[in-house]
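structure15.pdb follows (PDB, C-alpha atoms and all ligand atoms):
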ATOM      1  CA  MET A1427       0.000   0.000   0.000
ATOM      2  CA  ALA A1428       2.798   2.475   0.909
ATOM      3  CA  ALA A1429       4.395   1.924  -2.517
ATOM      4  CA  GLU A1430       1.074   2.592  -4.273
ATOM      5  CA  VAL A1431       0.500   5.765  -2.224
ATOM      6  CA  GLU A1432       3.997   6.953  -3.142
ATOM      7  CA  ARG A1433       3.405   6.188  -6.819
ATOM      8  CA  VAL A1434       0.128   8.170  -6.845
ATOM      9  CA  ALA A1435       1.811  11.125  -5.094
ATOM     10  CA  GLU A1436       4.550  11.019  -7.721
ATOM     11  CA  LEU A1437       1.972  10.951 -10.530
ATOM     12  CA  ILE A1438       0.047  13.868  -9.005
ATOM     13  CA  CYS A1439       3.175  15.980  -8.555
ATOM     14  CA  GLY A1440       4.199  15.350 -12.155
ATOM     15  CA  ALA A1441       0.727  15.952 -13.608
ATOM     16  CA  GLN A1442      -0.167  18.854 -15.864
ATOM     17  CA  ARG A1443      -3.879  18.132 -15.586
ATOM     18  CA  LEU A1444      -5.080  16.046 -12.665
ATOM     19  CA  VAL A1445      -8.769  15.089 -12.808
ATOM     20  CA  VAL A1446     -10.428  13.531  -9.753
ATOM     21  CA  PHE A1447     -13.581  11.529 -10.469
ATOM     22  CA  THR A1448     -15.822  10.736  -7.516
ATOM     23  CA  GLY A1449     -18.846   8.599  -6.725
ATOM     24  CA  ALA A1450     -21.039   7.872  -3.748
ATOM     25  CA  GLY A1451     -18.131   6.082  -1.986
ATOM     26  CA  VAL A1452     -16.314   9.377  -1.362
ATOM     27  CA  SER A1453     -19.242  10.487   0.812
ATOM     28  CA  THR A1454     -20.087   7.338   2.801
ATOM     29  CA  GLU A1455     -17.643   8.430   5.531
ATOM     30  CA  SER A1456     -19.754  11.596   5.792
ATOM     31  CA  GLY A1457     -22.736   9.400   6.651
ATOM     32  CA  ILE A1458     -24.442   9.418   3.230
ATOM     33  CA  PRO A1459     -25.081   5.811   2.194
ATOM     34  CA  ASP A1460     -24.064   4.747  -1.313
ATOM     35  CA  PHE A1461     -26.352   2.790  -3.621
ATOM     36  CA  ARG A1462     -24.672  -0.554  -4.009
ATOM     37  CA  SER A1463     -22.787  -1.428  -0.816
ATOM     38  CA  PRO A1464     -24.587  -3.784   1.611
ATOM     39  CA  GLY A1465     -27.053  -1.599   3.530
ATOM     40  CA  GLY A1466     -26.899   0.958   0.691
ATOM     41  CA  ILE A1467     -29.961   2.727  -0.680
ATOM     42  CA  TRP A1468     -30.878  -0.030  -3.180
ATOM     43  CA  ASP A1469     -31.030  -2.584  -0.375
ATOM     44  CA  ARG A1470     -33.951  -0.615   1.039
ATOM     45  CA  PHE A1471     -35.752   0.810  -1.992
ATOM     46  CA  ASN A1472     -36.618  -0.501  -5.443
ATOM     47  CA  PRO A1473     -34.791   1.613  -8.071
ATOM     48  CA  ASP A1474     -37.517   0.876 -10.667
ATOM     49  CA  GLU A1475     -39.992   2.963  -8.690
ATOM     50  CA  PHE A1476     -37.800   6.075  -8.771
ATOM     51  CA  THR A1477     -37.298   6.585 -12.493
ATOM     52  CA  TYR A1478     -37.745   9.867 -14.392
ATOM     53  CA  GLN A1479     -40.681   8.306 -16.257
ATOM     54  CA  HIS A1480     -42.470   7.494 -12.981
ATOM     55  CA  PHE A1481     -41.744  10.962 -11.628
ATOM     56  CA  VAL A1482     -43.056  12.995 -14.568
ATOM     57  CA  GLY A1483     -45.656  10.426 -15.666
ATOM     58  CA  SER A1484     -47.714   9.850 -12.533
ATOM     59  CA  VAL A1485     -48.882  11.585  -9.395
ATOM     60  CA  GLU A1486     -48.148   8.366  -7.492
ATOM     61  CA  GLY A1487     -44.559   8.359  -8.813
ATOM     62  CA  ARG A1488     -44.048  11.902  -7.525
ATOM     63  CA  ARG A1489     -45.671  11.115  -4.193
ATOM     64  CA  LYS A1490     -43.294   8.138  -3.680
ATOM     65  CA  TYR A1491     -40.278  10.167  -4.791
ATOM     66  CA  TRP A1492     -40.969  13.027  -2.374
ATOM     67  CA  GLU A1493     -41.721  10.616   0.462
ATOM     68  CA  LEU A1494     -38.217   9.158   0.016
ATOM     69  CA  GLY A1495     -36.741  12.625  -0.593
ATOM     70  CA  ARG A1496     -38.173  13.946   2.655
ATOM     71  CA  HIS A1497     -36.049  11.359   4.501
ATOM     72  CA  VAL A1498     -32.944  11.453   2.310
ATOM     73  CA  TYR A1499     -32.507  15.210   1.921
ATOM     74  CA  PRO A1500     -31.848  15.979   5.626
ATOM     75  CA  VAL A1501     -29.099  13.320   5.606
ATOM     76  CA  ILE A1502     -27.417  15.152   2.717
ATOM     77  CA  ARG A1503     -28.018  18.620   4.170
ATOM     78  CA  ASN A1504     -26.624  17.707   7.590
ATOM     79  CA  ALA A1505     -23.591  15.796   6.282
ATOM     80  CA  GLU A1506     -20.143  17.352   6.625
ATOM     81  CA  PRO A1507     -17.270  16.906   4.185
ATOM     82  CA  ASN A1508     -14.848  14.179   5.283
ATOM     83  CA  ALA A1509     -11.076  13.710   5.032
ATOM     84  CA  ALA A1510     -11.306  12.665   1.361
ATOM     85  CA  HIS A1511     -13.249  15.804   0.347
ATOM     86  CA  TYR A1512     -10.780  17.973   2.288
ATOM     87  CA  ALA A1513      -7.754  16.228   0.763
ATOM     88  CA  ILE A1514      -9.146  16.844  -2.736
ATOM     89  CA  ALA A1515      -9.783  20.508  -1.843
ATOM     90  CA  ASP A1516      -6.185  20.738  -0.547
ATOM     91  CA  LEU A1517      -4.920  19.388  -3.881
ATOM     92  CA  HIS A1518      -6.747  22.340  -5.454
ATOM     93  CA  ARG A1519      -5.105  24.761  -2.964
ATOM     94  CA  LEU A1520      -1.716  23.277  -3.793
ATOM     95  CA  GLY A1521      -2.350  24.071  -7.467
ATOM     96  CA  CYS A1522      -2.492  20.392  -8.459
ATOM     97  CA  LEU A1523      -6.138  20.041  -9.519
ATOM     98  CA  ASP A1524      -7.643  20.601 -12.965
ATOM     99  CA  CYS A1525     -11.183  19.676 -11.907
ATOM    100  CA  VAL A1526     -13.412  17.259 -10.044
ATOM    101  CA  ILE A1527     -15.950  15.287 -12.068
ATOM    102  CA  THR A1528     -18.540  13.958  -9.651
ATOM    103  CA  GLN A1529     -21.558  11.685  -9.829
ATOM    104  CA  ASN A1530     -22.571  12.964  -6.413
ATOM    105  CA  ILE A1531     -25.395  15.353  -5.748
ATOM    106  CA  ASP A1532     -24.404  16.231  -2.184
ATOM    107  CA  ASN A1533     -22.449  19.485  -2.708
ATOM    108  CA  LEU A1534     -19.677  18.250  -0.374
ATOM    109  CA  HIS A1535     -16.756  19.006  -2.725
ATOM    110  CA  GLN A1536     -17.813  22.644  -2.866
ATOM    111  CA  ARG A1537     -18.384  22.748   0.887
ATOM    112  CA  ALA A1538     -14.874  21.351   1.433
ATOM    113  CA  GLY A1539     -13.427  24.235  -0.578
ATOM    114  CA  VAL A1540     -13.225  23.204  -4.238
ATOM    115  CA  PRO A1541     -14.518  26.217  -6.222
ATOM    116  CA  SER A1542     -17.867  25.513  -7.961
ATOM    117  CA  GLU A1543     -16.374  26.212 -11.379
ATOM    118  CA  LYS A1544     -13.972  23.305 -10.826
ATOM    119  CA  VAL A1545     -16.729  20.819  -9.934
ATOM    120  CA  ILE A1546     -18.513  19.183 -12.868
ATOM    121  CA  GLU A1547     -21.708  17.600 -11.556
ATOM    122  CA  LEU A1548     -22.823  14.825 -13.882
ATOM    123  CA  HIS A1549     -25.958  13.964 -11.935
ATOM    124  CA  GLY A1550     -27.024  17.370 -10.656
ATOM    125  CA  ASN A1551     -27.169  18.853  -7.173
ATOM    126  CA  ALA A1552     -29.697  18.024  -4.458
ATOM    127  CA  THR A1553     -29.692  21.502  -2.940
ATOM    128  CA  ARG A1554     -31.658  22.970  -5.865
ATOM    129  CA  ALA A1555     -35.038  22.344  -7.488
ATOM    130  CA  ARG A1556     -36.996  23.910 -10.350
ATOM    131  CA  CYS A1557     -40.359  23.940 -12.056
ATOM    132  CA  LEU A1558     -40.469  21.776 -15.181
ATOM    133  CA  SER A1559     -43.056  24.114 -16.799
ATOM    134  CA  CYS A1560     -41.796  27.664 -16.203
ATOM    135  CA  GLY A1561     -38.224  26.951 -15.044
ATOM    136  CA  CYS A1562     -38.703  28.895 -11.792
ATOM    137  CA  ALA A1563     -35.899  27.997  -9.344
ATOM    138  CA  TYR A1564     -36.503  26.879  -5.772
ATOM    139  CA  THR A1565     -34.026  25.927  -3.094
ATOM    140  CA  ARG A1566     -34.381  22.396  -1.823
ATOM    141  CA  ASP A1567     -34.540  23.815   1.704
ATOM    142  CA  GLU A1568     -37.664  25.735   0.715
ATOM    143  CA  VAL A1569     -39.293  22.667  -0.865
ATOM    144  CA  HIS A1570     -38.264  20.548   2.112
ATOM    145  CA  GLU A1571     -40.087  22.943   4.443
ATOM    146  CA  TRP A1572     -43.298  22.437   2.469
ATOM    147  CA  LEU A1573     -42.878  18.648   2.776
ATOM    148  CA  GLU A1574     -42.376  19.003   6.529
ATOM    149  CA  ARG A1575     -45.574  21.072   6.699
ATOM    150  CA  GLY A1576     -47.496  18.177   5.117
ATOM    151  CA  VAL A1577     -47.383  18.955   1.385
ATOM    152  CA  GLU A1578     -47.101  15.578  -0.358
ATOM    153  CA  ILE A1579     -46.342  16.745  -3.896
ATOM    154  CA  PRO A1580     -44.701  20.174  -4.234
ATOM    155  CA  MET A1581     -46.071  22.263  -7.120
ATOM    156  CA  CYS A1582     -44.936  25.583  -8.588
ATOM    157  CA  ASP A1583     -46.552  28.743  -7.214
ATOM    158  CA  PRO A1584     -49.838  29.857  -8.877
ATOM    159  CA  PRO A1585     -50.708  30.580 -11.590
ATOM    160  CA  CYS A1586     -48.103  28.116 -12.982
ATOM    161  CA  GLY A1587     -48.802  25.046 -10.817
ATOM    162  CA  GLY A1588     -46.179  23.042 -12.741
ATOM    163  CA  ILE A1589     -44.261  19.998 -11.523
ATOM    164  CA  ILE A1590     -41.310  20.847  -9.286
ATOM    165  CA  LYS A1591     -38.364  18.526  -9.731
ATOM    166  CA  PRO A1592     -35.089  18.419  -7.777
ATOM    167  CA  HIS A1593     -32.050  19.393  -9.819
ATOM    168  CA  THR A1594     -30.825  15.784  -9.814
ATOM    169  CA  ILE A1595     -30.735  13.265 -12.637
ATOM    170  CA  LEU A1596     -33.129  10.369 -12.096
ATOM    171  CA  PHE A1597     -32.701   6.927 -13.641
ATOM    172  CA  GLY A1598     -34.045   7.060 -17.186
ATOM    173  CA  GLU A1599     -33.431  10.811 -17.486
ATOM    174  CA  ALA A1600     -31.145  12.359 -20.100
ATOM    175  CA  MET A1601     -27.740  13.454 -18.846
ATOM    176  CA  PRO A1602     -27.064  17.216 -18.645
ATOM    177  CA  GLU A1603     -25.539  17.923 -22.055
ATOM    178  CA  GLN A1604     -23.093  20.674 -21.183
ATOM    179  CA  GLU A1605     -21.682  18.924 -18.093
ATOM    180  CA  THR A1606     -21.355  15.589 -19.884
ATOM    181  CA  LEU A1607     -19.495  17.170 -22.818
ATOM    182  CA  GLU A1608     -17.238  19.160 -20.501
ATOM    183  CA  ALA A1609     -16.475  16.091 -18.374
ATOM    184  CA  GLU A1610     -15.543  14.112 -21.474
ATOM    185  CA  ARG A1611     -13.323  16.956 -22.704
ATOM    186  CA  ARG A1612     -11.530  17.243 -19.340
ATOM    187  CA  ALA A1613     -11.154  13.452 -19.069
ATOM    188  CA  ARG A1614      -9.637  13.232 -22.554
ATOM    189  CA  ARG A1615      -7.076  15.970 -21.884
ATOM    190  CA  SER A1616      -6.126  14.803 -18.377
ATOM    191  CA  ASP A1617      -2.769  13.151 -17.827
ATOM    192  CA  VAL A1618      -3.597  11.709 -14.398
ATOM    193  CA  PHE A1619      -7.152  10.543 -13.662
ATOM    194  CA  VAL A1620      -7.976   9.459 -10.104
ATOM    195  CA  VAL A1621     -11.236   7.623  -9.350
ATOM    196  CA  VAL A1622     -12.357   7.850  -5.707
ATOM    197  CA  GLY A1623     -15.290   5.786  -4.408
ATOM    198  CA  SER A1624     -17.188   4.693  -7.479
ATOM    199  CA  SER A1625     -18.453   1.271  -8.505
ATOM    200  CA  LEU A1626     -17.917   2.411 -12.134
ATOM    201  CA  VAL A1627     -21.054   0.662 -13.330
ATOM    202  CA  VAL A1628     -23.283   3.703 -13.933
ATOM    203  CA  TYR A1629     -23.030   4.893 -17.558
ATOM    204  CA  PRO A1630     -22.236   7.221 -19.238
ATOM    205  CA  ALA A1631     -20.329   8.481 -16.149
ATOM    206  CA  ALA A1632     -18.258   5.285 -16.068
ATOM    207  CA  MET A1633     -16.955   6.114 -19.569
ATOM    208  CA  MET A1634     -14.879   9.025 -18.185
ATOM    209  CA  PRO A1635     -11.972   6.915 -16.833
ATOM    210  CA  LEU A1636     -11.937   5.009 -20.120
ATOM    211  CA  TYR A1637     -11.770   8.256 -22.149
ATOM    212  CA  ALA A1638      -8.844   9.357 -19.979
ATOM    213  CA  LYS A1639      -7.046   6.047 -20.336
ATOM    214  CA  GLU A1640      -7.659   6.003 -24.095
ATOM    215  CA  ALA A1641      -6.070   9.466 -24.326
ATOM    216  CA  GLY A1642      -2.951   8.270 -22.501
ATOM    217  CA  ALA A1643      -3.615   9.329 -18.888
ATOM    218  CA  ALA A1644      -2.432   7.284 -15.931
ATOM    219  CA  LEU A1645      -5.499   5.792 -14.232
ATOM    220  CA  VAL A1646      -5.692   5.426 -10.447
ATOM    221  CA  ILE A1647      -8.671   3.695  -8.787
ATOM    222  CA  ILE A1648      -9.276   4.128  -5.049
ATOM    223  CA  ASN A1649     -12.303   2.062  -4.049
ATOM    224  CA  LEU A1650     -13.338  -0.338  -1.305
ATOM    225  CA  SER A1651     -14.571  -3.010  -3.702
ATOM    226  CA  GLU A1652     -13.491  -4.185  -7.136
ATOM    227  CA  THR A1653     -14.680  -2.318 -10.236
ATOM    228  CA  PRO A1654     -15.013  -3.477 -13.842
ATOM    229  CA  HIS A1655     -12.303  -0.964 -14.814
ATOM    230  CA  ASP A1656      -9.672  -2.370 -12.427
ATOM    231  CA  PRO A1657      -7.832  -4.168 -15.265
ATOM    232  CA  TYR A1658      -7.160  -0.763 -16.906
ATOM    233  CA  ALA A1659      -5.785   0.884 -13.756
ATOM    234  CA  ASP A1660      -2.104   1.825 -13.497
ATOM    235  CA  VAL A1661      -2.442   1.959  -9.710
ATOM    236  CA  LEU A1662      -5.158   0.221  -7.666
ATOM    237  CA  LEU A1663      -5.674   1.301  -4.067
ATOM    238  CA  PRO A1664      -8.343  -0.817  -2.395
ATOM    239  CA  GLY A1665      -9.222   1.060   0.775
ATOM    240  CA  LYS A1666     -11.249   3.772   2.438
ATOM    241  CA  ALA A1667     -11.285   7.060   0.572
ATOM    242  CA  GLY A1668     -10.635   9.207   3.665
ATOM    243  CA  SER A1669      -7.467   7.549   4.918
ATOM    244  CA  VAL A1670      -6.062   6.773   1.442
ATOM    245  CA  MET A1671      -6.551  10.369   0.256
ATOM    246  CA  GLU A1672      -5.023  11.722   3.480
ATOM    247  CA  GLN A1673      -1.922   9.564   2.986
ATOM    248  CA  ILE A1674      -1.616  10.643  -0.649
ATOM    249  CA  LEU A1675      -1.986  14.313   0.302
ATOM    250  CA  GLU A1676       0.718  13.988   2.955
ATOM    251  CA  ARG A1677       3.154  12.484   0.415
ATOM    252  CA  VAL A1678       2.257  15.174  -2.138
ATOM    253  CA  ARG A1679       2.952  17.899   0.455
ATOM    254  CA  GLN A1680       6.323  16.332   1.320
ATOM    255  CA  ARG A1681       7.291  16.119  -2.340
ATOM    256  CA  LEU A1682       6.285  19.756  -2.968
ATOM    257  CA  ALA A1683       8.053  21.058   0.172
TER     258      ALA A1683
HETATM  259  P1  LIG B1701     -22.235   3.237  -6.022
HETATM  260  O1  LIG B1701     -23.115   3.240  -4.836
HETATM  261  O2  LIG B1701     -22.614   2.453  -7.206
HETATM  262  O3  LIG B1701     -20.764   2.726  -5.600
HETATM  263  C1  LIG B1701     -20.062   3.267  -4.546
HETATM  264  C2  LIG B1701     -18.711   2.562  -4.486
HETATM  265  O4  LIG B1701     -17.966   3.174  -3.450
HETATM  266  C3  LIG B1701     -18.795   1.081  -4.174
HETATM  267  O5  LIG B1701     -18.055   0.365  -5.128
HETATM  268  C4  LIG B1701     -18.180   0.951  -2.759
HETATM  269  O6  LIG B1701     -17.402  -0.218  -2.618
HETATM  270  C5  LIG B1701     -17.318   2.169  -2.697
HETATM  271  N1  LIG B1701     -17.165   2.717  -1.359
HETATM  272  C6  LIG B1701     -18.094   2.847  -0.379
HETATM  273  N2  LIG B1701     -17.567   3.468   0.699
HETATM  274  C7  LIG B1701     -16.267   3.738   0.395
HETATM  275  C8  LIG B1701     -15.208   4.361   1.086
HETATM  276  N3  LIG B1701     -15.349   4.831   2.328
HETATM  277  N4  LIG B1701     -14.016   4.484   0.457
HETATM  278  C9  LIG B1701     -13.821   3.995  -0.799
HETATM  279  N5  LIG B1701     -14.805   3.382  -1.501
HETATM  280  C10 LIG B1701     -16.005   3.274  -0.920
HETATM  281  O7  LIG B1701     -22.005   4.750  -6.359
HETATM  282  P2  LIG B1701     -21.572   5.462  -7.697
HETATM  283  O8  LIG B1701     -20.545   4.682  -8.413
HETATM  284  O9  LIG B1701     -21.322   6.866  -7.342
HETATM  285  O10 LIG B1701     -22.864   5.445  -8.642
HETATM  286  C11 LIG B1701     -24.199   5.395  -8.248
HETATM  287  C12 LIG B1701     -25.024   6.638  -8.321
HETATM  288  O11 LIG B1701     -25.302   6.979  -7.009
HETATM  289  C13 LIG B1701     -24.440   7.875  -8.887
HETATM  290  O12 LIG B1701     -25.228   8.215  -9.971
HETATM  291  C14 LIG B1701     -24.633   8.965  -7.814
HETATM  292  O13 LIG B1701     -25.281  10.066  -8.419
HETATM  293  C15 LIG B1701     -25.579   8.371  -6.854
HETATM  294  N6  LIG B1701     -25.440   8.614  -5.419
HETATM  295  C16 LIG B1701     -24.903   9.755  -4.926
HETATM  296  C17 LIG B1701     -24.770   9.922  -3.560
HETATM  297  C18 LIG B1701     -24.176  11.207  -3.052
HETATM  298  O14 LIG B1701     -24.371  12.257  -3.661
HETATM  299  N7  LIG B1701     -23.447  11.168  -1.932
HETATM  300  C19 LIG B1701     -25.162   8.926  -2.683
HETATM  301  C20 LIG B1701     -25.739   7.751  -3.212
HETATM  302  C21 LIG B1701     -25.856   7.612  -4.584
END

Show how you would write the structure in this file as structure tokens.
Ligand code: NAD
Amino acid sequence: MAAEVERVAELICGAQRLVVFTGAGVSTESGIPDFRSPGGIWDRFNPDEFTYQHFVGSVEGRRKYWELGRHVYPVIRNAEPNAAHYAIADLHRLGCLDCVITQNIDNLHQRAGVPSEKVIELHGNATRARCLSCGCAYTRDEVHEWLERGVEIPMCDPPCGGIIKPHTILFGEAMPEQETLEAERRARRSDVFVVVGSSLVVYPAAMMPLYAKEAGAALVIINLSETPHDPYADVLLPGKAGSVMEQILERVRQRLA
């Protein structure tokens, strides 16, 4: 493990464009469950009931979604960035980071100190919502208050009355075009691409490490469990994101000193 940490620190210090790619696993140590680990969200809920088609297509779909959202959102809102988020933000402060591409919707990279313009959110951000008819923006805090007051299905203010949807990408929903294109562009021009806490099975997000590898970048995968992209990795670090990222940051600091 020490040799792998050293190798990643060396890669980071020699990189022109370091891209960090994160998934739900970077935030589990902040208390936000991931989807696929034992005890994760899909152990408790059926993903087929929470698709985009169910949400926009039926009142019942929206009712179910908001019922789950009312419980999940406070977990996200009350979570604090952990050692992995802070280590990534420190890489930015040290001038080592091109950008973060994240599948997460929890806003924790920004809260740890990575500037918003350096965070490409492939699946949206849970702190915002908007009306699908008129585009009016709402904060999720505002919508959450309505849910707490007993509203089952939040609707846009009169006279619009349109469907309010969180600014997150549901299963079956098209990816945000601009973010997806930008992520692909950054992945393809990166020279070091570090995956932290992703099962790498959700597409098209899981294409990003492959684009980077195809373009000649060194690929590092830091994840608790195996991923389908492990055979393409130059360095594999099976472990917890927080402690592994802390160790890497320490070695980077020593090399830059
Ligand atoms: P995933 O749930 O499919 O996989 C998470 C991976 O992280 C697993 O392989 C697991 O072994 C690993 N992991 C868990 N804890 C870890 C830790 N402490 N250190 C290192 N690795 C750890 O998540 P995914 O790949 O991001 O994709 C699923 C989808 O889940 C994404 O679309 C994402 O939008 C969404 N999601 C986001 C959040 C969030 O915003 N925090 C939470 C749950 C799900």

_Residue by residue, what does the PyMOL selection byres (((chain A and resi 1494-1497) around 12) and not hetatm) grab here? Present the result as a ChimeraX atom specification._
/A:1458,1467,1470-1473,1475-1476,1487-1493,1498-1504,1552-1553,1566-1580,1591-1592,1594

Produce the centre coordinates and the three edge lengths, each in Å to one decimal, of the box along x, y and z that contains all listed atoms of ligand LIG 1701 (chain B) with 4 Å added on each side, as AutoDock Vina command-line options.
--center_x -19.8 --center_y 6.0 --center_z -3.8 --size_x 20.0 --size_y 20.5 --size_z 20.3

Evaluate the PyMOL selection byres (((not hetatm)) within 6 of (chain B and resi 1701)) on the structure here and hand back the selected residues as a PDB file with C-alpha atoms, in the frame of the given file.
ATOM      1  CA  GLY A1449     -18.846   8.599  -6.725  1.00  0.00           C
ATOM      2  CA  ALA A1450     -21.039   7.872  -3.748  1.00  0.00           C
ATOM      3  CA  GLY A1451     -18.131   6.082  -1.986  1.00  0.00           C
ATOM      4  CA  VAL A1452     -16.314   9.377  -1.362  1.00  0.00           C
ATOM      5  CA  SER A1453     -19.242  10.487   0.812  1.00  0.00           C
ATOM      6  CA  THR A1454     -20.087   7.338   2.801  1.00  0.00           C
ATOM      7  CA  GLU A1455     -17.643   8.430   5.531  1.00  0.00           C
ATOM      8  CA  ILE A1458     -24.442   9.418   3.230  1.00  0.00           C
ATOM      9  CA  PRO A1459     -25.081   5.811   2.194  1.00  0.00           C
ATOM     10  CA  ASP A1460     -24.064   4.747  -1.313  1.00  0.00           C
ATOM     11  CA  PHE A1461     -26.352   2.790  -3.621  1.00  0.00           C
ATOM     12  CA  ARG A1462     -24.672  -0.554  -4.009  1.00  0.00           C
ATOM     13  CA  SER A1463     -22.787  -1.428  -0.816  1.00  0.00           C
ATOM     14  CA  GLN A1529     -21.558  11.685  -9.829  1.00  0.00           C
ATOM     15  CA  ASN A1530     -22.571  12.964  -6.413  1.00  0.00           C
ATOM     16  CA  ILE A1531     -25.395  15.353  -5.748  1.00  0.00           C
ATOM     17  CA  ASP A1532     -24.404  16.231  -2.184  1.00  0.00           C
ATOM     18  CA  HIS A1549     -25.958  13.964 -11.935  1.00  0.00           C
ATOM     19  CA  GLY A1623     -15.290   5.786  -4.408  1.00  0.00           C
ATOM     20  CA  SER A1624     -17.188   4.693  -7.479  1.00  0.00           C
ATOM     21  CA  SER A1625     -18.453   1.271  -8.505  1.00  0.00           C
ATOM     22  CA  LEU A1626     -17.917   2.411 -12.134  1.00  0.00           C
ATOM     23  CA  VAL A1628     -23.283   3.703 -13.933  1.00  0.00           C
ATOM     24  CA  ASN A1649     -12.303   2.062  -4.049  1.00  0.00           C
ATOM     25  CA  LEU A1650     -13.338  -0.338  -1.305  1.00  0.00           C
ATOM     26  CA  SER A1651     -14.571  -3.010  -3.702  1.00  0.00           C
ATOM     27  CA  GLY A1665      -9.222   1.060   0.775  1.00  0.00           C
ATOM     28  CA  LYS A1666     -11.249   3.772   2.438  1.00  0.00           C
ATOM     29  CA  ALA A1667     -11.285   7.060   0.572  1.00  0.00           C
TER      30      ALA A1667
END

*Give me the result of the PyMOL selection byres (((chain A and resi 1618) around 7) and not hetatm) on this file, residue by residue, as a PyMOL selection string.*
chain A and resi 1437-1438+1441+1443-1445+1616-1617+1619-1620+1643-1645

What does the file look like for those residues with C-alpha atoms, as a PDB file, in the frame of the given file?
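And here's again.pdb as it stands now:
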ATOM      1  CA  LEU A1437       1.972  10.951 -10.530  1.00  0.00           C
ATOM      2  CA  ILE A1438       0.047  13.868  -9.005  1.00  0.00           C
ATOM      3  CA  ALA A1441       0.727  15.952 -13.608  1.00  0.00           C
ATOM      4  CA  ARG A1443      -3.879  18.132 -15.586  1.00  0.00           C
ATOM      5  CA  LEU A1444      -5.080  16.046 -12.665  1.00  0.00           C
ATOM      6  CA  VAL A1445      -8.769  15.089 -12.808  1.00  0.00           C
ATOM      7  CA  SER A1616      -6.126  14.803 -18.377  1.00  0.00           C
ATOM      8  CA  ASP A1617      -2.769  13.151 -17.827  1.00  0.00           C
ATOM      9  CA  PHE A1619      -7.152  10.543 -13.662  1.00  0.00           C
ATOM     10  CA  VAL A1620      -7.976   9.459 -10.104  1.00  0.00           C
ATOM     11  CA  ALA A1643      -3.615   9.329 -18.888  1.00  0.00           C
ATOM     12  CA  ALA A1644      -2.432   7.284 -15.931  1.00  0.00           C
ATOM     13  CA  LEU A1645      -5.499   5.792 -14.232  1.00  0.00           C
TER      14      LEU A1645
END

With a distance cut-off of 10 Å and all atoms listed in the file, select the neighbouring residues of Asp1660 of chain A, excluding the residue or stretch itself and same-chain residues fewer than 4 positions from it, and output the selection as a short mmCIF file (atom, residue, chain, number, x, y, z; two decimals) with C-alpha atoms, in the coordinates of the input.
data_model
loop_
_atom_site.label_atom_id
_atom_site.label_comp_id
_atom_site.auth_asym_id
_atom_site.auth_seq_id
_atom_site.Cartn_x
_atom_site.Cartn_y
_atom_site.Cartn_z
CA GLU A 1430 1.07 2.59 -4.27
CA ARG A 1433 3.40 6.19 -6.82
CA VAL A 1434 0.13 8.17 -6.84
CA LYS A 1639 -7.05 6.05 -20.34
CA ALA A 1643 -3.62 9.33 -18.89
CA ALA A 1644 -2.43 7.28 -15.93
CA LEU A 1645 -5.50 5.79 -14.23
CA VAL A 1646 -5.69 5.43 -10.45
CA ILE A 1647 -8.67 3.70 -8.79
CA ASP A 1656 -9.67 -2.37 -12.43
#

*If you count all atoms listed in the file, which residues fall within 9 Å of Ile1595 of chain A, apart from same-chain ones fewer than 5 positions away, as a list in words?*
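Surrounding residues, per the criterion: Tyr1478, Ile1531, Leu1548, His1549, Gly1550, Asn1551, Ala1600, Met1601 and Pro1602 of chain A.
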
Take the residues that were just selected and, keeping C-alpha atoms, output them as a PDB file, in the frame of the given file.
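Everything below was put into result.pdb:
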ATOM      1  CA  TYR A1478     -37.745   9.867 -14.392  1.00  0.00           C
ATOM      2  CA  ILE A1531     -25.395  15.353  -5.748  1.00  0.00           C
ATOM      3  CA  LEU A1548     -22.823  14.825 -13.882  1.00  0.00           C
ATOM      4  CA  HIS A1549     -25.958  13.964 -11.935  1.00  0.00           C
ATOM      5  CA  GLY A1550     -27.024  17.370 -10.656  1.00  0.00           C
ATOM      6  CA  ASN A1551     -27.169  18.853  -7.173  1.00  0.00           C
ATOM      7  CA  ALA A1600     -31.145  12.359 -20.100  1.00  0.00           C
ATOM      8  CA  MET A1601     -27.740  13.454 -18.846  1.00  0.00           C
ATOM      9  CA  PRO A1602     -27.064  17.216 -18.645  1.00  0.00           C
TER      10      PRO A1602
END

*How far is it from atom CA of Gly1668 of chain A to atom CA of Ala1638 of chain A, in Å with one decimal?*
23.7 Å

*Mind pulling up the distance from atom CA of Ala1505 of chain A to atom CA of Leu1517 of chain A?*
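Pair atom CA of Leu1517 of chain A / atom CA of Ala1505 of chain A returns 21.6 Å.
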
*Residue with smallest distance to Ala1632 of chain A - pool A:Ile1527, A:Val1670, A:Val1661, A:Cys1562, counting only C-alpha atoms*: A:Ile1527

*asked:* Which residues are close to Gly1588 of chain A, i.e. within 6 Å by only C-alpha atoms, leaving aside same-chain residues fewer than 4 positions away? Reply as number ranges by chain.
replied: A: 1557, 1559, 1581-1582

*Work out how far apart atom CA of Leu1534 of chain A and atom CA of Arg1519 of chain A are and give it in Å to one decimal.*
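It comes out at 16.2 Å.
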
*Selection as a ChimeraX atom specification: residues within 9 Å of (-3.6, 19.9, 2.3), counting only C-alpha atoms*: /A:1512-1520,1672,1675-1676,1678-1679

Since we have the selection now, will you write its residues out, keeping C-alpha atoms, as a CSV table (one decimal), in the coordinates of the input?
chain,number,residue,atom,x,y,z
A,1512,TYR,CA,-10.8,18.0,2.3
A,1513,ALA,CA,-7.8,16.2,0.8
A,1514,ILE,CA,-9.1,16.8,-2.7
A,1515,ALA,CA,-9.8,20.5,-1.8
A,1516,ASP,CA,-6.2,20.7,-0.5
A,1517,LEU,CA,-4.9,19.4,-3.9
A,1518,HIS,CA,-6.7,22.3,-5.5
A,1519,ARG,CA,-5.1,24.8,-3.0
A,1520,LEU,CA,-1.7,23.3,-3.8
A,1672,GLU,CA,-5.0,11.7,3.5
A,1675,LEU,CA,-2.0,14.3,0.3
A,1676,GLU,CA,0.7,14.0,3.0
A,1678,VAL,CA,2.3,15.2,-2.1
A,1679,ARG,CA,3.0,17.9,0.5
